[in-house]
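Peer 1: I have a structure here, written as structure tokens, and I will follow up with some questions on it.
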Amino acid sequence: MELGIREKLRRRIVEDIDMTCALDDSQIGEIIDSYIIEETRGEYFPIKEKIELRTELFNSFRRLDVLTELLEDEQVSEIMVNGTAPIYVERNGRIVRTEKNIESEEKLHSLIQQIVADCNRRINEANPIVDARLPDGSRVNIVINPVSLSGTTITIRRFPKNEITIEKLIRLGSIDEAFAKVLEALVVAKYNIFISGGTGSGKTTFLNALSSFIPRDERIITIEDSAELNLKQVENLVRLEARNANVEGENSISIRDLIKTSLRMRPDRIIVGEVRDEAAIDMLQAMNTGHDGSLSTGHANSPRDMISRLETMVLTGVEIPLAAVRMQIAHAVDIVIHLGRLRDKSRKVLNVSEVLGVENGQVVLNTLYEFVETGERDGKIQGNLRKVNQLLNVDKLIRWNMRELYEEGEGGILRI
């Protein structure tokens with residue numbers, strides 16, 4: 001069908017319909033159908049093209065225009081809009097260019113205003129960067145001029161509609177059954193766990209899966225910049241989300257504010273979606289003040305780098321000696337699980353380390369597991385997570401009556 005007919009129909013609908021009226025989806029669909037029938041009367045157009053045109057017009061008025069089809073594609077995990085240029089997507093771990101694009105800056109700005117309005121956020125020249133989320137839980141980052149010199153950009157991180165469970169991670173080869181039992185023991189026994197990794201390594205997905213081991217009778221508080229966690233199996237759950245400042249630069253609510261107020265909400269555990277700033281000190285203090293079993297994630301290239309980043313983040317918020325910061329980290333964090341992407345784009349647990357304490361002024365890590373490559377087959381990297389050292393801090397296992405999970409010996413050793 002010619003592009004001219006599409007544009008003619010779109011203009012007629014915009015001119016003739018009062019979009020401020022409370023029309024439901026079925027009414028909009030009926031109006032679009034009538035215009036298509038009228039416009040194509042006396043001419044032959046395949047039914048398939050008419051259906052595609054109807055879908056395209058409906059999405060442009062009621063949904064997210066050309067993004068709708070991409071959001072409904074289960075193989076797409078990331079959508080990248082760079083102005084009016086062709087849209088890029090990440091499909092099956094690889095970034096590819098699509099044939100779709102948003103036709104004009106005007107339509108692009110209308111689209112982003114729709115996205116941010118649904119989340120009670122604002123974006124303008126004074127506030128050119130916004131994080132939001134779509135109704136399906138997808139995370140959205142929007143940057144406009146004058147910050148983005150190449151035009152308005154939209155980056156959407158999609159999350160699987162089907163919940164990623166520990167069982168599914170096992171089937172995908174990200175972890176094995178023996179290690180899943182280790183994770184269950186660590187979560188149930190309330191070890192404080194940090195999940196580290198780079199962008200797109202699967203930290204949030206892994207955190208969601210890990211939360212399935214939390215006993216159902218516990219009260220959980222989740223704290224996030226933009227709500228992404230989906231802890232369906234937790235019944236006594238409170239979800240908190242940070243709020244940006246308004247146009248006057250006031251009334252913002254930070255992650256630090258939420259962590260502080262969560263301590264007065266009688267939590268058994270606190271889960272912070274991601275620690276990326278001075279809120280790290282509040283998270284560590286929560287872990288140190290009776291909220292064992294708390295979980296969080298952070299961007300880092302290794303467990304050692306995660307510790308260094310925590311040090312830096314704490315020092316940006318408070319002026320205390322570095323030695324005191326390291327002592328806080330050593331007392332608060334028990335386990336660091338590091339995720340990464342291999343060259344075949346698969347996501348794996350690459351390292352699991354235990355935080356032992358501070359020696360000679362440095363935080364000491366004990367590597368428990370490490371991913372070892374064994375070869376490559378059909379373009380897929382083969383390997384497994386091998387045990388390197390035994391778990392030395394077994395106090396929490398003993399406290400939670402899990403003696404059967406380790407043998408007495410030099411520091412104790414996990415049987416599983």
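A note on labels: chains of the structure tokens are A, B, ... as shown, every chain counts residues from 1, and ligands are counted from 1 in their shown order.
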Write out as JSON, numbers by chain each polymer residue whose atoms come within 10 Å of Arg341 of chain A, counting only C-alpha atoms; drop sequence neighbours fewer than 2 positions from it.

Peer 2: {"A": [93, 197, 198, 199, 200, 201, 202, 339, 343, 344, 345, 346, 347, 348, 349, 350]}

Peer 1: Segment 227-237 of chain A: which residues within 10 Å, counting only C-alpha atoms, same-chain residues fewer than 6 positions away excluded, as an MDAnalysis selection string?

Peer 2: chainID A and resid 132:133 136:139 158:159 163 204:205 207:221 267 271:273

Peer 1: So which residues of segment 148-253 of chain A fall under helix (DSSP H, G or I) by DSSP, listed as JSON, numbers by chain?

Peer 2: {"A": [166, 167, 168, 169, 170, 171, 172, 177, 178, 179, 180, 181, 182, 183, 184, 185, 186, 187, 188, 203, 204, 205, 206, 207, 208, 209, 210, 211, 212, 213]}

Peer 1: Kindly export the residues of the current selection with N, CA and C atoms, as a PDB file, in the first residue's frame.

Peer 2:
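Result went into part14.pdb, see below:
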```pdb
ATOM      1  N   ILE A 166      14.818 -20.006  38.579  1.00  0.00           N
ATOM      2  CA  ILE A 166      16.070 -20.752  38.730  1.00  0.00           C
ATOM      3  C   ILE A 166      16.067 -21.968  37.810  1.00  0.00           C
ATOM      4  N   GLU A 167      14.912 -22.618  37.703  1.00  0.00           N
ATOM      5  CA  GLU A 167      14.815 -23.805  36.828  1.00  0.00           C
ATOM      6  C   GLU A 167      15.112 -23.446  35.375  1.00  0.00           C
ATOM      7  N   LYS A 168      14.628 -22.272  34.943  1.00  0.00           N
ATOM      8  CA  LYS A 168      14.881 -21.862  33.565  1.00  0.00           C
ATOM      9  C   LYS A 168      16.354 -21.495  33.374  1.00  0.00           C
ATOM     10  N   LEU A 169      16.970 -20.882  34.380  1.00  0.00           N
ATOM     11  CA  LEU A 169      18.396 -20.576  34.285  1.00  0.00           C
ATOM     12  C   LEU A 169      19.213 -21.854  34.161  1.00  0.00           C
ATOM     13  N   ILE A 170      18.755 -22.902  34.841  1.00  0.00           N
ATOM     14  CA  ILE A 170      19.442 -24.196  34.732  1.00  0.00           C
ATOM     15  C   ILE A 170      19.304 -24.737  33.316  1.00  0.00           C
ATOM     16  N   ARG A 171      18.074 -24.669  32.754  1.00  0.00           N
ATOM     17  CA  ARG A 171      17.852 -25.158  31.387  1.00  0.00           C
ATOM     18  C   ARG A 171      18.668 -24.375  30.364  1.00  0.00           C
ATOM     19  N   LEU A 172      18.821 -23.054  30.600  1.00  0.00           N
ATOM     20  CA  LEU A 172      19.585 -22.213  29.681  1.00  0.00           C
ATOM     21  C   LEU A 172      21.087 -22.412  29.815  1.00  0.00           C
ATOM     22  N   GLU A 177      22.390 -27.495  38.563  1.00  0.00           N
ATOM     23  CA  GLU A 177      21.529 -27.828  39.696  1.00  0.00           C
ATOM     24  C   GLU A 177      22.280 -27.786  41.012  1.00  0.00           C
ATOM     25  N   ALA A 178      23.531 -28.247  41.015  1.00  0.00           N
ATOM     26  CA  ALA A 178      24.306 -28.252  42.257  1.00  0.00           C
ATOM     27  C   ALA A 178      24.515 -26.830  42.767  1.00  0.00           C
ATOM     28  N   PHE A 179      24.831 -25.922  41.856  1.00  0.00           N
ATOM     29  CA  PHE A 179      25.047 -24.539  42.281  1.00  0.00           C
ATOM     30  C   PHE A 179      23.740 -23.894  42.703  1.00  0.00           C
ATOM     31  N   ALA A 180      22.621 -24.275  42.083  1.00  0.00           N
ATOM     32  CA  ALA A 180      21.320 -23.745  42.492  1.00  0.00           C
ATOM     33  C   ALA A 180      21.033 -24.095  43.943  1.00  0.00           C
ATOM     34  N   LYS A 181      21.441 -25.287  44.388  1.00  0.00           N
ATOM     35  CA  LYS A 181      21.260 -25.677  45.785  1.00  0.00           C
ATOM     36  C   LYS A 181      22.131 -24.833  46.709  1.00  0.00           C
ATOM     37  N   VAL A 182      23.324 -24.497  46.238  1.00  0.00           N
ATOM     38  CA  VAL A 182      24.197 -23.611  47.016  1.00  0.00           C
ATOM     39  C   VAL A 182      23.530 -22.248  47.177  1.00  0.00           C
ATOM     40  N   LEU A 183      22.984 -21.705  46.075  1.00  0.00           N
ATOM     41  CA  LEU A 183      22.306 -20.406  46.131  1.00  0.00           C
ATOM     42  C   LEU A 183      21.138 -20.449  47.106  1.00  0.00           C
ATOM     43  N   GLU A 184      20.359 -21.533  47.060  1.00  0.00           N
ATOM     44  CA  GLU A 184      19.220 -21.654  47.967  1.00  0.00           C
ATOM     45  C   GLU A 184      19.672 -21.624  49.421  1.00  0.00           C
ATOM     46  N   ALA A 185      20.754 -22.342  49.721  1.00  0.00           N
ATOM     47  CA  ALA A 185      21.268 -22.355  51.089  1.00  0.00           C
ATOM     48  C   ALA A 185      21.713 -20.971  51.532  1.00  0.00           C
ATOM     49  N   LEU A 186      22.400 -20.257  50.652  1.00  0.00           N
ATOM     50  CA  LEU A 186      22.902 -18.924  51.003  1.00  0.00           C
ATOM     51  C   LEU A 186      21.761 -17.937  51.239  1.00  0.00           C
ATOM     52  N   VAL A 187      20.690 -18.024  50.420  1.00  0.00           N
ATOM     53  CA  VAL A 187      19.562 -17.108  50.575  1.00  0.00           C
ATOM     54  C   VAL A 187      18.766 -17.433  51.833  1.00  0.00           C
ATOM     55  N   VAL A 188      18.440 -18.706  52.028  1.00  0.00           N
ATOM     56  CA  VAL A 188      17.645 -19.099  53.193  1.00  0.00           C
ATOM     57  C   VAL A 188      18.378 -18.778  54.485  1.00  0.00           C
ATOM     58  N   LYS A 203      21.682  -8.956  35.628  1.00  0.00           N
ATOM     59  CA  LYS A 203      21.676  -8.792  37.090  1.00  0.00           C
ATOM     60  C   LYS A 203      20.256  -8.785  37.660  1.00  0.00           C
ATOM     61  N   THR A 204      19.378  -7.988  37.064  1.00  0.00           N
ATOM     62  CA  THR A 204      18.008  -7.893  37.573  1.00  0.00           C
ATOM     63  C   THR A 204      17.275  -9.216  37.412  1.00  0.00           C
ATOM     64  N   THR A 205      17.457  -9.862  36.271  1.00  0.00           N
ATOM     65  CA  THR A 205      16.829 -11.165  36.035  1.00  0.00           C
ATOM     66  C   THR A 205      17.302 -12.181  37.063  1.00  0.00           C
ATOM     67  N   PHE A 206      18.601 -12.184  37.340  1.00  0.00           N
ATOM     68  CA  PHE A 206      19.171 -13.128  38.305  1.00  0.00           C
ATOM     69  C   PHE A 206      18.658 -12.820  39.709  1.00  0.00           C
ATOM     70  N   LEU A 207      18.564 -11.531  40.039  1.00  0.00           N
ATOM     71  CA  LEU A 207      18.055 -11.136  41.353  1.00  0.00           C
ATOM     72  C   LEU A 207      16.609 -11.592  41.527  1.00  0.00           C
ATOM     73  N   ASN A 208      15.805 -11.444  40.489  1.00  0.00           N
ATOM     74  CA  ASN A 208      14.422 -11.927  40.541  1.00  0.00           C
ATOM     75  C   ASN A 208      14.371 -13.427  40.799  1.00  0.00           C
ATOM     76  N   ALA A 209      15.224 -14.166  40.079  1.00  0.00           N
ATOM     77  CA  ALA A 209      15.248 -15.618  40.239  1.00  0.00           C
ATOM     78  C   ALA A 209      15.728 -16.006  41.639  1.00  0.00           C
ATOM     79  N   LEU A 210      16.729 -15.310  42.117  1.00  0.00           N
ATOM     80  CA  LEU A 210      17.295 -15.598  43.432  1.00  0.00           C
ATOM     81  C   LEU A 210      16.267 -15.376  44.540  1.00  0.00           C
ATOM     82  N   SER A 211      15.398 -14.409  44.346  1.00  0.00           N
ATOM     83  CA  SER A 211      14.395 -14.081  45.356  1.00  0.00           C
ATOM     84  C   SER A 211      13.383 -15.199  45.551  1.00  0.00           C
ATOM     85  N   SER A 212      13.316 -16.141  44.611  1.00  0.00           N
ATOM     86  CA  SER A 212      12.356 -17.246  44.741  1.00  0.00           C
ATOM     87  C   SER A 212      12.695 -18.152  45.925  1.00  0.00           C
ATOM     88  N   PHE A 213      13.919 -18.059  46.425  1.00  0.00           N
ATOM     89  CA  PHE A 213      14.327 -18.869  47.577  1.00  0.00           C
ATOM     90  C   PHE A 213      13.956 -18.234  48.915  1.00  0.00           C
TER      91      PHE A 213
END
```

Peer 1: Write down as a PyMOL selection string the residues belonging to segment 219-330 of chain A that are assigned strand (DSSP E) by DSSP computed on the backbone.

Peer 2: chain A and resi 219-224+236-241+269-272+295-299

Peer 1: May I have the residues within 9 Å of Ser262 of chain A as a list in words, using only C-alpha atoms and disregarding those fewer than 5 positions away in the same chain?

Peer 2: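 Within the cut-off, the hits are Ile221, Thr222, Ile223, Leu240, Asp257, Pro267 and Ile270 of chain A.
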
Peer 1: Write the residues of the selection above to a file with N, CA and C atoms, as a compact mmCIF listing (two decimals), in the first residue's frame.

Peer 2:
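Now in selection.txt:
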```txt
# COMPACT_ATOMS: atom_id res chain seq x y z
N ILE A 221 11.01 -5.55 51.55
CA ILE A 221 10.89 -4.20 51.00
C ILE A 221 11.82 -4.09 49.81
N THR A 222 11.29 -3.75 48.63
CA THR A 222 12.15 -3.52 47.46
C THR A 222 12.24 -2.03 47.19
N ILE A 223 13.43 -1.59 46.82
CA ILE A 223 13.71 -0.17 46.59
C ILE A 223 14.41 -0.03 45.25
N LEU A 240 8.92 0.12 46.75
CA LEU A 240 9.16 1.55 46.82
C LEU A 240 9.94 1.99 45.58
N ASP A 257 16.66 8.14 50.77
CA ASP A 257 15.45 8.42 51.54
C ASP A 257 14.64 7.14 51.74
N PRO A 267 11.12 -4.54 58.01
CA PRO A 267 11.49 -5.50 56.97
C PRO A 267 12.30 -6.67 57.53
N ILE A 270 15.83 -6.29 52.91
CA ILE A 270 15.71 -5.14 52.02
C ILE A 270 16.40 -5.50 50.71
```

Peer 1: What does the distance from atom CA of Ala117 of chain A to atom CA of Ser150 of chain A come to in Å, to one decimal?

Peer 2: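 Computing it gives 23.6 Å between the two atoms.
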
Peer 1: Between atom CA of Glu354 of chain A and atom CA of Lys190 of chain A, what is the spacing in Å?

Peer 2: 13.8 Å

Peer 1: At what distance in Å, to one decimal, does atom CA of Arg243 of chain A lie from atom CA of Arg121 of chain A?

Peer 2: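 Distance reported for this atom pair: 8.5 Å.
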
Peer 1: Which neighbours of Val96 of chain A fall inside 12 Å, counting only C-alpha atoms, when residues of the same chain fewer than 5 positions from it are skipped, and could you give them as a PyMOL selection string?

Peer 2: chain A and resi 75-80+86-91

Peer 1: Have a look at A:Glu224, A:Glu103, A:Glu125, A:Glu274 and name the one nearest to Ser296 of chain A; count only C-alpha atoms.

Peer 2: A:Glu274
